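Novice: This is structure_21.tsv (TSV, C-alpha atoms).
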```
chain	number	residue	atom	x	y	z
A	19	MET	CA	0.00	0.00	0.00
A	20	THR	CA	2.39	2.67	-1.01
A	21	GLY	CA	1.05	5.97	-2.09
A	22	GLU	CA	-0.14	9.22	-0.72
A	23	SER	CA	-2.60	7.72	1.68
A	24	VAL	CA	-2.63	6.95	5.36
A	25	TRP	CA	-4.61	4.16	6.91
A	26	THR	CA	-7.45	4.47	9.32
A	27	PRO	CA	-9.65	1.49	10.07
A	28	GLY	CA	-11.42	0.72	6.89
A	29	LEU	CA	-10.92	4.09	5.36
A	30	VAL	CA	-8.23	5.79	3.37
A	31	ILE	CA	-7.89	9.51	3.73
A	32	GLU	CA	-5.97	11.56	1.23
A	33	SER	CA	-3.12	13.19	3.11
A	34	LYS	CA	-1.76	15.16	0.18
A	35	ASP	CA	-3.66	17.15	-2.32
A	36	THR	CA	-3.68	16.05	-5.88
A	37	THR	CA	-1.83	19.08	-7.14
A	38	ASP	CA	1.50	17.25	-6.89
A	39	LEU	CA	0.11	14.51	-9.04
A	40	LYS	CA	-1.26	16.97	-11.50
A	41	VAL	CA	2.18	18.55	-11.73
A	42	LEU	CA	3.60	15.11	-12.48
A	43	PHE	CA	1.01	14.55	-15.16
A	44	ASP	CA	1.72	17.99	-16.59
A	45	ARG	CA	5.36	16.99	-16.86
A	46	LEU	CA	4.26	13.80	-18.56
A	47	ASN	CA	2.17	15.86	-20.91
A	48	ARG	CA	5.31	17.69	-21.90
A	49	ALA	CA	6.78	14.28	-22.80
A	50	ASP	CA	9.00	14.31	-19.71
A	51	LEU	CA	9.31	10.58	-19.06
A	52	SER	CA	11.21	11.09	-15.81
A	53	ALA	CA	7.86	11.94	-14.19
A	54	LEU	CA	6.87	8.31	-14.66
A	55	GLU	CA	9.43	7.22	-12.09
A	56	GLU	CA	7.77	9.32	-9.40
A	57	ILE	CA	4.32	8.23	-10.48
A	58	TYR	CA	5.48	4.62	-10.29
A	59	ASP	CA	6.82	5.03	-6.76
A	60	ARG	CA	3.50	6.43	-5.60
A	61	PHE	CA	1.14	4.03	-7.30
A	62	GLU	CA	3.05	0.79	-7.67
A	63	GLY	CA	1.27	-0.87	-4.75
A	64	GLN	CA	-2.22	0.29	-5.66
A	65	LEU	CA	-1.90	-0.70	-9.29
A	66	TYR	CA	-0.34	-4.04	-8.45
A	67	GLY	CA	-3.07	-4.72	-5.89
A	68	LEU	CA	-5.85	-3.93	-8.32
A	69	ALA	CA	-4.28	-6.07	-11.01
A	70	LEU	CA	-3.70	-8.94	-8.59
A	71	TRP	CA	-7.26	-8.87	-7.33
A	72	ARG	CA	-8.61	-8.72	-10.82
A	73	THR	CA	-6.36	-11.33	-12.45
A	74	ARG	CA	-5.57	-13.49	-9.40
A	75	SER	CA	-2.08	-13.98	-10.79
A	76	ARG	CA	1.07	-12.29	-9.52
A	77	SER	CA	2.87	-12.56	-12.82
A	78	ASP	CA	-0.11	-11.15	-14.72
A	79	ALA	CA	-0.40	-8.35	-12.16
A	80	ALA	CA	3.25	-7.43	-12.70
A	81	ASP	CA	2.68	-7.46	-16.46
A	82	VAL	CA	-0.35	-5.23	-16.06
A	83	VAL	CA	1.62	-2.69	-14.02
A	84	GLN	CA	4.35	-2.68	-16.65
A	85	GLU	CA	1.82	-2.23	-19.43
A	86	VAL	CA	0.21	0.73	-17.63
A	87	PHE	CA	3.52	2.58	-17.59
A	88	VAL	CA	4.48	1.55	-21.08
A	89	ARG	CA	1.20	2.98	-22.36
A	90	LEU	CA	1.72	6.17	-20.39
A	91	ALA	CA	5.19	6.52	-21.88
A	92	ARG	CA	3.88	5.84	-25.35
A	93	HIS	CA	1.20	8.49	-25.04
A	94	ALA	CA	3.28	10.99	-23.10
A	95	GLY	CA	2.61	14.46	-24.41
A	96	ARG	CA	-0.87	13.56	-25.57
A	97	LEU	CA	-2.70	12.76	-22.37
A	98	GLY	CA	-4.59	16.01	-22.14
A	99	GLU	CA	-5.87	17.33	-18.85
A	100	VAL	CA	-6.19	14.61	-16.22
A	101	ARG	CA	-8.60	15.72	-13.49
A	102	ASN	CA	-8.11	12.78	-11.15
A	103	PRO	CA	-4.68	11.23	-11.80
A	104	ARG	CA	-5.14	8.41	-9.30
A	105	ALA	CA	-8.43	7.33	-10.81
A	106	TYR	CA	-6.96	7.73	-14.27
A	107	LEU	CA	-4.12	5.31	-13.52
A	108	LEU	CA	-6.41	2.75	-11.93
A	109	LYS	CA	-8.83	3.04	-14.82
A	110	THR	CA	-5.97	2.31	-17.22
A	111	ALA	CA	-4.99	-0.70	-15.13
A	112	HIS	CA	-8.62	-1.85	-15.08
A	113	ARG	CA	-8.79	-1.80	-18.86
A	114	ILE	CA	-5.50	-3.62	-19.26
A	115	CYS	CA	-6.68	-6.26	-16.78
A	116	ILE	CA	-9.70	-6.88	-18.96
A	117	ASP	CA	-7.41	-7.35	-21.97
A	118	PHE	CA	-5.31	-9.81	-19.99
A	119	LEU	CA	-8.32	-11.76	-18.80
A	120	ARG	CA	-9.61	-12.06	-22.35
A	121	LYS	CA	-6.32	-13.51	-23.59
A	122	ARG	CA	-5.64	-15.76	-20.63
A	123	LYS	CA	-6.22	-19.48	-20.85
A	124	GLN	CA	-5.14	-20.64	-17.40
A	125	ASP	CA	-6.99	-19.84	-14.22
A	126	PRO	CA	-4.40	-19.15	-11.53
A	127	SER	CA	-5.25	-18.38	-7.93
A	128	ASP	CA	-2.37	-16.74	-6.13
A	129	LEU	CA	-2.88	-15.41	-2.63
A	130	LEU	CA	-4.77	-12.12	-2.80
A	131	VAL	CA	-4.04	-11.00	0.74
A	132	GLU	CA	-1.31	-11.42	3.29
A	133	PRO	CA	-1.62	-11.12	7.04
A	134	VAL	CA	-0.38	-7.88	8.50
A	135	SER	CA	1.26	-9.78	11.37
A	136	PRO	CA	2.95	-13.01	10.28
A	137	GLN	CA	1.48	-15.40	12.83
A	138	PRO	CA	0.49	-18.90	11.72
A	139	GLU	CA	-3.21	-18.47	12.50
A	140	ASN	CA	-3.27	-15.17	10.64
A	141	LEU	CA	-1.61	-16.81	7.69
A	142	PHE	CA	-4.26	-19.51	7.72
A	143	ARG	CA	-7.01	-16.89	7.89
A	144	ALA	CA	-5.39	-14.97	5.04
A	145	MET	CA	-5.39	-18.11	2.90
A	146	GLU	CA	-9.01	-18.72	3.74
A	147	PHE	CA	-9.95	-15.11	3.02
A	148	SER	CA	-8.04	-15.28	-0.23
A	149	GLN	CA	-9.84	-18.44	-1.29
A	150	VAL	CA	-13.22	-16.90	-0.59
A	151	LEU	CA	-12.22	-13.75	-2.48
A	152	SER	CA	-11.10	-15.89	-5.41
A	153	ARG	CA	-14.55	-17.38	-5.65
A	154	LEU	CA	-16.15	-13.95	-6.02
A	155	PRO	CA	-16.68	-12.64	-9.53
A	156	SER	CA	-13.67	-10.55	-10.49
A	157	ARG	CA	-15.83	-7.44	-10.90
A	158	GLN	CA	-17.12	-7.68	-7.36
A	159	ARG	CA	-13.61	-8.34	-6.08
A	160	GLU	CA	-12.33	-5.31	-7.94
A	161	ALA	CA	-15.10	-3.09	-6.56
A	162	ILE	CA	-14.38	-4.25	-3.00
A	163	TYR	CA	-10.67	-3.60	-3.45
A	164	LEU	CA	-11.21	-0.11	-4.80
A	165	HIS	CA	-13.86	0.85	-2.27
A	166	TYR	CA	-12.65	-0.78	0.92
A	167	PHE	CA	-8.91	-1.19	0.45
A	168	LEU	CA	-8.11	1.95	-1.54
A	169	GLY	CA	-10.87	4.09	-0.11
A	170	PHE	CA	-12.40	5.27	-3.37
A	171	SER	CA	-15.96	6.51	-3.18
A	172	LEU	CA	-18.56	4.45	-5.01
A	173	LYS	CA	-18.82	7.22	-7.57
A	174	GLU	CA	-15.09	6.95	-8.25
A	175	VAL	CA	-15.33	3.15	-8.37
A	176	ALA	CA	-18.04	3.55	-10.98
A	177	GLU	CA	-15.87	5.94	-12.97
A	178	ILE	CA	-12.80	3.70	-12.81
A	179	THR	CA	-14.64	0.53	-13.78
A	180	GLY	CA	-16.75	2.27	-16.41
A	181	VAL	CA	-20.14	1.37	-14.98
A	182	SER	CA	-23.02	3.27	-13.41
A	183	LEU	CA	-23.00	4.26	-9.77
A	184	PHE	CA	-25.82	1.84	-9.13
A	185	THR	CA	-23.86	-1.06	-10.67
A	186	ALA	CA	-20.72	-0.23	-8.70
A	187	ALA	CA	-22.67	-0.05	-5.45
A	188	SER	CA	-24.43	-3.25	-6.30
A	189	ARG	CA	-21.15	-5.08	-6.95
A	190	CYS	CA	-19.75	-3.93	-3.63
A	191	ARG	CA	-22.87	-4.88	-1.76
A	192	LEU	CA	-23.14	-8.33	-3.34
A	193	GLY	CA	-19.45	-9.04	-2.79
A	194	VAL	CA	-19.54	-8.03	0.85
A	195	LYS	CA	-22.73	-10.01	1.36
A	196	LYS	CA	-21.02	-13.16	0.08
A	197	LEU	CA	-18.01	-12.53	2.32
A	198	LYS	CA	-20.28	-12.05	5.31
A	199	GLU	CA	-22.13	-15.24	4.47
A	200	HIS	CA	-18.85	-17.07	4.73
A	201	PHE	CA	-17.15	-15.32	7.61
A	202	GLY	CA	-20.21	-14.20	9.51
A	203	GLU	CA	-21.09	-10.81	10.84
A	204	GLU	CA	-18.05	-10.77	13.13
A	205	SER	CA	-15.94	-9.75	10.20
B	21	MET	CA	-15.01	-5.43	6.40
B	22	ASN	CA	-12.96	-3.08	8.52
B	23	LEU	CA	-11.56	-6.00	10.47
B	24	TRP	CA	-10.39	-7.70	7.30
B	25	ILE	CA	-8.72	-4.56	6.09
B	26	LYS	CA	-6.96	-4.15	9.42
B	27	ASN	CA	-5.72	-7.72	9.48
B	28	PHE	CA	-4.85	-8.26	5.86
B	29	ARG	CA	-2.98	-6.38	3.24
B	30	VAL	CA	-2.45	-6.83	-0.46
B	31	PRO	CA	0.90	-8.50	-1.27
B	32	ASP	CA	3.72	-6.23	-2.30
B	33	PRO	CA	4.86	-6.25	-5.91
B	34	PRO	CA	8.00	-8.24	-6.75
B	35	GLU	CA	11.21	-6.42	-5.91
B	36	ASP	CA	12.50	-6.38	-9.46
B	37	LEU	CA	9.28	-4.93	-10.88
B	38	ARG	CA	10.43	-1.32	-10.52
B	39	THR	CA	13.59	-1.93	-12.54
B	40	ARG	CA	11.66	-3.94	-15.10
B	41	VAL	CA	8.98	-1.30	-15.57
B	42	LEU	CA	11.39	1.61	-15.74
B	43	ASN	CA	13.55	-0.24	-18.28
B	44	ALA	CA	10.48	-0.90	-20.38
B	45	VAL	CA	9.50	2.77	-20.11
B	46	ARG	CA	12.95	3.94	-21.18
B	47	ASN	CA	12.68	1.83	-24.31
B	48	GLN	CA	9.44	3.53	-25.22
B	49	HIS	CA	9.39	6.64	-27.29
B	50	PRO	CA	6.38	8.91	-27.25
B	51	ILE	CA	4.29	8.56	-30.37
B	52	PRO	CA	4.97	11.63	-32.53
B	53	GLU	CA	2.35	14.26	-33.06
B	54	LEU	CA	-0.24	13.41	-35.67
B	55	THR	CA	0.26	14.92	-39.09
B	56	LEU	CA	-2.45	16.95	-40.76
B	57	ALA	CA	-3.27	14.01	-43.02
B	58	ASP	CA	-3.68	11.75	-39.97
B	59	LYS	CA	-5.94	14.25	-38.25
B	60	ILE	CA	-8.09	14.57	-41.34
B	61	TRP	CA	-8.25	10.81	-41.73
B	62	MET	CA	-9.29	10.45	-38.07
B	63	ASN	CA	-12.35	12.60	-38.77
B	64	ARG	CA	-15.17	10.22	-39.60
B	65	GLY	CA	-17.09	12.76	-41.67
B	66	LEU	CA	-14.12	13.53	-43.86
B	67	ARG	CA	-13.34	9.84	-44.22
B	68	VAL	CA	-16.88	9.10	-45.35
B	69	SER	CA	-16.89	12.01	-47.77
B	70	TRP	CA	-13.59	10.82	-49.22
B	71	LEU	CA	-15.05	7.34	-49.73
B	72	ALA	CA	-18.18	8.85	-51.26
B	73	SER	CA	-16.06	10.87	-53.68
B	74	VAL	CA	-14.18	7.76	-54.76
B	75	LEU	CA	-17.43	5.89	-55.33
B	76	VAL	CA	-18.93	8.75	-57.33
B	77	LEU	CA	-15.78	8.96	-59.45
B	78	ALA	CA	-15.84	5.20	-60.01
B	79	PHE	CA	-19.50	5.39	-61.04
B	80	PHE	CA	-18.72	8.27	-63.36
B	81	LEU	CA	-15.87	6.43	-65.08
B	82	ILE	CA	-17.12	2.83	-65.10
B	83	VAL	CA	-20.91	2.85	-65.16
B	84	TRP	CA	-21.69	6.02	-67.00
B	85	ASN	CA	-18.53	5.79	-69.14
B	86	PRO	CA	-18.62	9.23	-70.69
B	87	PRO	CA	-16.82	9.92	-73.97
B	88	ILE	CA	-13.53	11.53	-73.16
B	89	HIS	CA	-12.44	14.16	-75.67
B	90	GLY	CA	-9.99	12.79	-78.23
B	91	SER	CA	-10.50	9.14	-77.39
B	92	SER	CA	-13.16	8.05	-79.90
B	93	THR	CA	-12.23	6.50	-83.23
B	94	GLU	CA	-13.99	9.21	-85.22
B	95	GLU	CA	-12.00	11.88	-83.48
B	96	LYS	CA	-8.80	9.95	-84.04
B	97	LYS	CA	-9.58	9.81	-87.72
B	98	ALA	CA	-10.27	13.49	-87.72
B	99	GLU	CA	-6.91	14.16	-86.15
B	100	ILE	CA	-5.05	12.57	-89.10
B	101	PRO	CA	-4.44	15.15	-91.81
B	102	GLU	CA	-5.74	14.36	-95.26
B	103	ASN	CA	-2.37	14.69	-96.92
B	104	TYR	CA	-0.83	12.24	-94.54
B	105	GLU	CA	0.71	9.55	-96.67
B	106	VAL	CA	0.87	6.21	-95.08
B	107	ASP	CA	0.43	2.68	-96.19
B	108	PRO	CA	-3.35	2.14	-96.20
B	109	VAL	CA	-3.08	-1.32	-94.60
B	110	LEU	CA	-0.85	0.01	-91.88
B	111	GLN	CA	-3.17	2.96	-91.36
B	112	LYS	CA	-6.14	0.64	-91.05
B	113	TRP	CA	-4.30	-1.48	-88.48
B	114	LEU	CA	-3.15	1.55	-86.64
B	115	LEU	CA	-6.64	3.00	-86.40
B	116	GLU	CA	-8.02	-0.33	-85.37
B	117	TYR	CA	-5.29	-0.73	-82.78
B	118	ARG	CA	-5.95	2.68	-81.29
B	119	SER	CA	-9.72	2.30	-81.30
B	120	HIS	CA	-9.64	-1.08	-79.59
B	121	GLY	CA	-7.11	0.13	-77.09
B	122	MET	CA	-4.12	-1.52	-75.57
B	123	PHE	CA	-6.02	-4.33	-73.90
B	124	ALA	CA	-6.99	-5.92	-77.18
B	125	GLN	CA	-3.42	-5.99	-78.40
B	126	THR	CA	-1.33	-6.83	-75.39
B	127	SER	CA	-1.82	-10.57	-75.78
B	128	ARG	CA	-0.23	-10.41	-79.22
B	129	ASN	CA	3.48	-10.11	-78.88
B	130	THR	CA	4.29	-10.33	-82.57
B	131	ILE	CA	2.73	-8.68	-85.56
B	132	HIS	CA	2.50	-11.06	-88.44
B	133	ALA	CA	2.93	-10.07	-92.09
B	134	GLU	CA	-0.75	-10.64	-92.79
B	135	ASP	CA	-1.66	-8.13	-90.14
B	136	LEU	CA	-0.04	-5.44	-92.23
```
Write the structure described by the file as structure tokens, please.
Specialist:
Amino acid sequence: MTGESVWTPGLVIESKDTTDLKVLFDRLNRADLSALEEIYDRFEGQLYGLALWRTRSRSDAADVVQEVFVRLARHAGRLGEVRNPRAYLLKTAHRICIDFLRKRKQDPSDLLVEPVSPQPENLFRAMEFSQVLSRLPSRQREAIYLHYFLGFSLKEVAEITGVSLFTAASRCRLGVKKLKEHFGEES
Amino acid sequence: MNLWIKNFRVPDPPEDLRTRVLNAVRNQHPIPELTLADKIWMNRGLRVSWLASVLVLAFFLIVWNPPIHGSSTEEKKAEIPENYEVDPVLQKWLLEYRSHGMFAQTSRNTIHAEDL
């Protein structure tokens, strides 16, 4: 979870304004590829997480992250005004994930979460949580990741995934409902 | 949900990913600005009108087949001056050759004596 965010229970609050990011994107718009390095350092974790949750494969997730930056480099100087750089990057990753899923023939299931504290029972719970997440439709998984793990509003989730607000909310609700069915209300 | 988020985190990317991505980025070169022709071609309306023009021109030339000035046999004959002295057989062949066009003659590589 690298990036410009700090963690509070269940919620991510933006600690820096987006002007820095806009400056980076402005540099990118002037075909200054060195800005990509800073963008990478800020968003590597978020992009990798989204790709991993969507593709369920670590190698595919790494490829997706690489492809995001390759596309940014290729279109540097022609991006236009980016209002929400963070959402823009995740939206790009979302689209690339879809491309990857279309081409993919295998169905991997790497661990989607790790325990924060490496105790054996936590590791077991992480594996169990990961298995249940894997059984969710990838769209619901993606919506949960964006909304609960990255702290995007449902409106932003809808924008990133290219669906209506109602659909995004519905995906989140259905996904969480299935998780609660498995783990119970205590979670 | 909050409990899960507190207890679990998404795995970190592989350590070599940064190097890999930045190397891939360095090998990329921004796509150059579009030329005027590209911009015009990207416009759907202009593309359709270009296609329509080609179709109209094709219709004009193939279907309607208008007489083009100086291409008919009568006009060719008119172009030859009266005092032009040439072997009548050769003249006949020449006129025939020109009126039928190249396509009729290209399959014949040699001109036999009887043709003249």
Novice: Could you list, as JSON, numbers by chain, every residue within 10 Å of segment 187-201 of chain A, counting all atoms listed in the file and ignoring same-chain residues fewer than 6 positions away?
Specialist: {"A": [146, 147, 150, 151, 153, 154, 155, 156, 157, 158, 159, 160, 161, 162, 163, 164, 165, 166, 171, 172, 173, 175, 176, 181], "B": [21]}
Novice: Counting all atoms listed in the file, I want the residues whose atoms come within 8 Å of (1.5, -8.7, 8.7) in the file frame, returned as a ChimeraX atom specification.
Specialist: /A:132-137 /B:27-29
Novice: May I ask which of the residues A:Phe184, A:Trp71, A:Phe170, A:Tyr106 is the closest one to chain B, counting all atoms listed in the file?
Specialist: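 Of all the options, A:Trp71 lies closest to chain B.
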Novice: From the options B:Leu37, B:Leu71, B:Leu114, B:Met62, which residue's atoms come nearest to chain A, counting only C-alpha atoms?
Specialist: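 Closest residue, counting only C-alpha atoms: B:Leu37.
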Novice: State, in Å with one decimal place, the distance from atom CA of Ile116 of chain A to atom CA of Asp128 of chain A.
Specialist: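 Separation between atom CA of Ile116 of chain A and atom CA of Asp128 of chain A: 17.8 Å.
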Novice: For a test of reading the model, state the distance in Å between atom CA of Ser127 of chain A and atom CA of Ser75 of chain A, rounded to one decimal.
Specialist: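 The value is 6.1 Å.
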Novice: Work out how far atom CA of Asn47 of chain A is from atom CA of Arg101 of chain A, in Å to one decimal.
Specialist: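 Atom CA of Asn47 of chain A lies 13.1 Å from atom CA of Arg101 of chain A.
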Novice: Find the residues near Cys115 of chain A: any atom within 10 Å, counting only C-alpha atoms, skip ones fewer than 6 places away on the same chain, and give them as a CSV table (one decimal) with C-alpha atoms, in the coordinates of the input.
Specialist:
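As a result, selection.csv now contains:
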```
chain,number,residue,atom,x,y,z
A,68,LEU,CA,-5.8,-3.9,-8.3
A,69,ALA,CA,-4.3,-6.1,-11.0
A,70,LEU,CA,-3.7,-8.9,-8.6
A,71,TRP,CA,-7.3,-8.9,-7.3
A,72,ARG,CA,-8.6,-8.7,-10.8
A,73,THR,CA,-6.4,-11.3,-12.4
A,78,ASP,CA,-0.1,-11.2,-14.7
A,79,ALA,CA,-0.4,-8.4,-12.2
A,81,ASP,CA,2.7,-7.5,-16.5
A,82,VAL,CA,-0.4,-5.2,-16.1
A,83,VAL,CA,1.6,-2.7,-14.0
A,85,GLU,CA,1.8,-2.2,-19.4
A,86,VAL,CA,0.2,0.7,-17.6
A,109,LYS,CA,-8.8,3.0,-14.8
A,121,LYS,CA,-6.3,-13.5,-23.6
```
Novice: Take segment 180-199 of chain A, model N, CA, C and O atoms, and hand the result over as a CSV table (one decimal), in the coordinates of the input.
Specialist:
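Below is the file selection_2.csv, written as the result:
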```
chain,number,residue,atom,x,y,z
A,180,GLY,N,-15.9,2.0,-15.2
A,180,GLY,CA,-16.8,2.3,-16.4
A,180,GLY,C,-18.2,1.8,-16.3
A,180,GLY,O,-18.7,1.3,-17.3
A,181,VAL,N,-18.7,1.8,-15.1
A,181,VAL,CA,-20.1,1.4,-15.0
A,181,VAL,C,-20.9,2.5,-14.3
A,181,VAL,O,-20.3,3.5,-13.8
A,182,SER,N,-22.2,2.3,-14.1
A,182,SER,CA,-23.0,3.3,-13.4
A,182,SER,C,-22.8,3.2,-11.9
A,182,SER,O,-22.3,2.2,-11.4
A,183,LEU,N,-23.1,4.2,-11.2
A,183,LEU,CA,-23.0,4.3,-9.8
A,183,LEU,C,-23.8,3.1,-9.1
A,183,LEU,O,-23.3,2.4,-8.2
A,184,PHE,N,-25.0,2.9,-9.7
A,184,PHE,CA,-25.8,1.8,-9.1
A,184,PHE,C,-25.1,0.5,-9.3
A,184,PHE,O,-25.1,-0.3,-8.3
A,185,THR,N,-24.5,0.2,-10.4
A,185,THR,CA,-23.9,-1.1,-10.7
A,185,THR,C,-22.7,-1.2,-9.7
A,185,THR,O,-22.5,-2.3,-9.2
A,186,ALA,N,-21.9,-0.1,-9.6
A,186,ALA,CA,-20.7,-0.2,-8.7
A,186,ALA,C,-21.1,-0.5,-7.3
A,186,ALA,O,-20.6,-1.4,-6.6
A,187,ALA,N,-22.2,0.2,-6.8
A,187,ALA,CA,-22.7,0.0,-5.4
A,187,ALA,C,-23.2,-1.5,-5.3
A,187,ALA,O,-23.0,-2.1,-4.3
A,188,SER,N,-23.9,-1.9,-6.3
A,188,SER,CA,-24.4,-3.2,-6.3
A,188,SER,C,-23.3,-4.3,-6.2
A,188,SER,O,-23.5,-5.3,-5.5
A,189,ARG,N,-22.3,-4.1,-7.0
A,189,ARG,CA,-21.2,-5.1,-7.0
A,189,ARG,C,-20.5,-5.1,-5.6
A,189,ARG,O,-20.2,-6.2,-5.0
A,190,CYS,N,-20.3,-4.0,-5.0
A,190,CYS,CA,-19.8,-3.9,-3.6
A,190,CYS,C,-20.7,-4.7,-2.6
A,190,CYS,O,-20.2,-5.5,-1.8
A,191,ARG,N,-21.9,-4.3,-2.7
A,191,ARG,CA,-22.9,-4.9,-1.8
A,191,ARG,C,-22.9,-6.4,-1.9
A,191,ARG,O,-22.9,-7.1,-0.9
A,192,LEU,N,-23.0,-6.9,-3.1
A,192,LEU,CA,-23.1,-8.3,-3.3
A,192,LEU,C,-21.9,-9.1,-2.9
A,192,LEU,O,-21.9,-10.1,-2.3
A,193,GLY,N,-20.7,-8.4,-3.2
A,193,GLY,CA,-19.4,-9.0,-2.8
A,193,GLY,C,-19.3,-9.1,-1.3
A,193,GLY,O,-19.0,-10.2,-0.7
A,194,VAL,N,-19.6,-8.0,-0.6
A,194,VAL,CA,-19.5,-8.0,0.8
A,194,VAL,C,-20.5,-9.0,1.5
A,194,VAL,O,-20.2,-9.7,2.4
A,195,LYS,N,-21.7,-9.1,0.9
A,195,LYS,CA,-22.7,-10.0,1.4
A,195,LYS,C,-22.2,-11.4,1.3
A,195,LYS,O,-22.4,-12.2,2.3
A,196,LYS,N,-21.6,-11.8,0.2
A,196,LYS,CA,-21.0,-13.2,0.1
A,196,LYS,C,-19.9,-13.4,1.1
A,196,LYS,O,-19.8,-14.5,1.7
A,197,LEU,N,-19.1,-12.4,1.3
A,197,LEU,CA,-18.0,-12.5,2.3
A,197,LEU,C,-18.6,-12.7,3.7
A,197,LEU,O,-18.1,-13.5,4.5
A,198,LYS,N,-19.6,-12.0,4.0
A,198,LYS,CA,-20.3,-12.0,5.3
A,198,LYS,C,-21.0,-13.4,5.5
A,198,LYS,O,-21.0,-14.0,6.6
A,199,GLU,N,-21.5,-13.9,4.4
A,199,GLU,CA,-22.1,-15.2,4.5
A,199,GLU,C,-21.1,-16.3,4.9
A,199,GLU,O,-21.4,-17.2,5.6
```
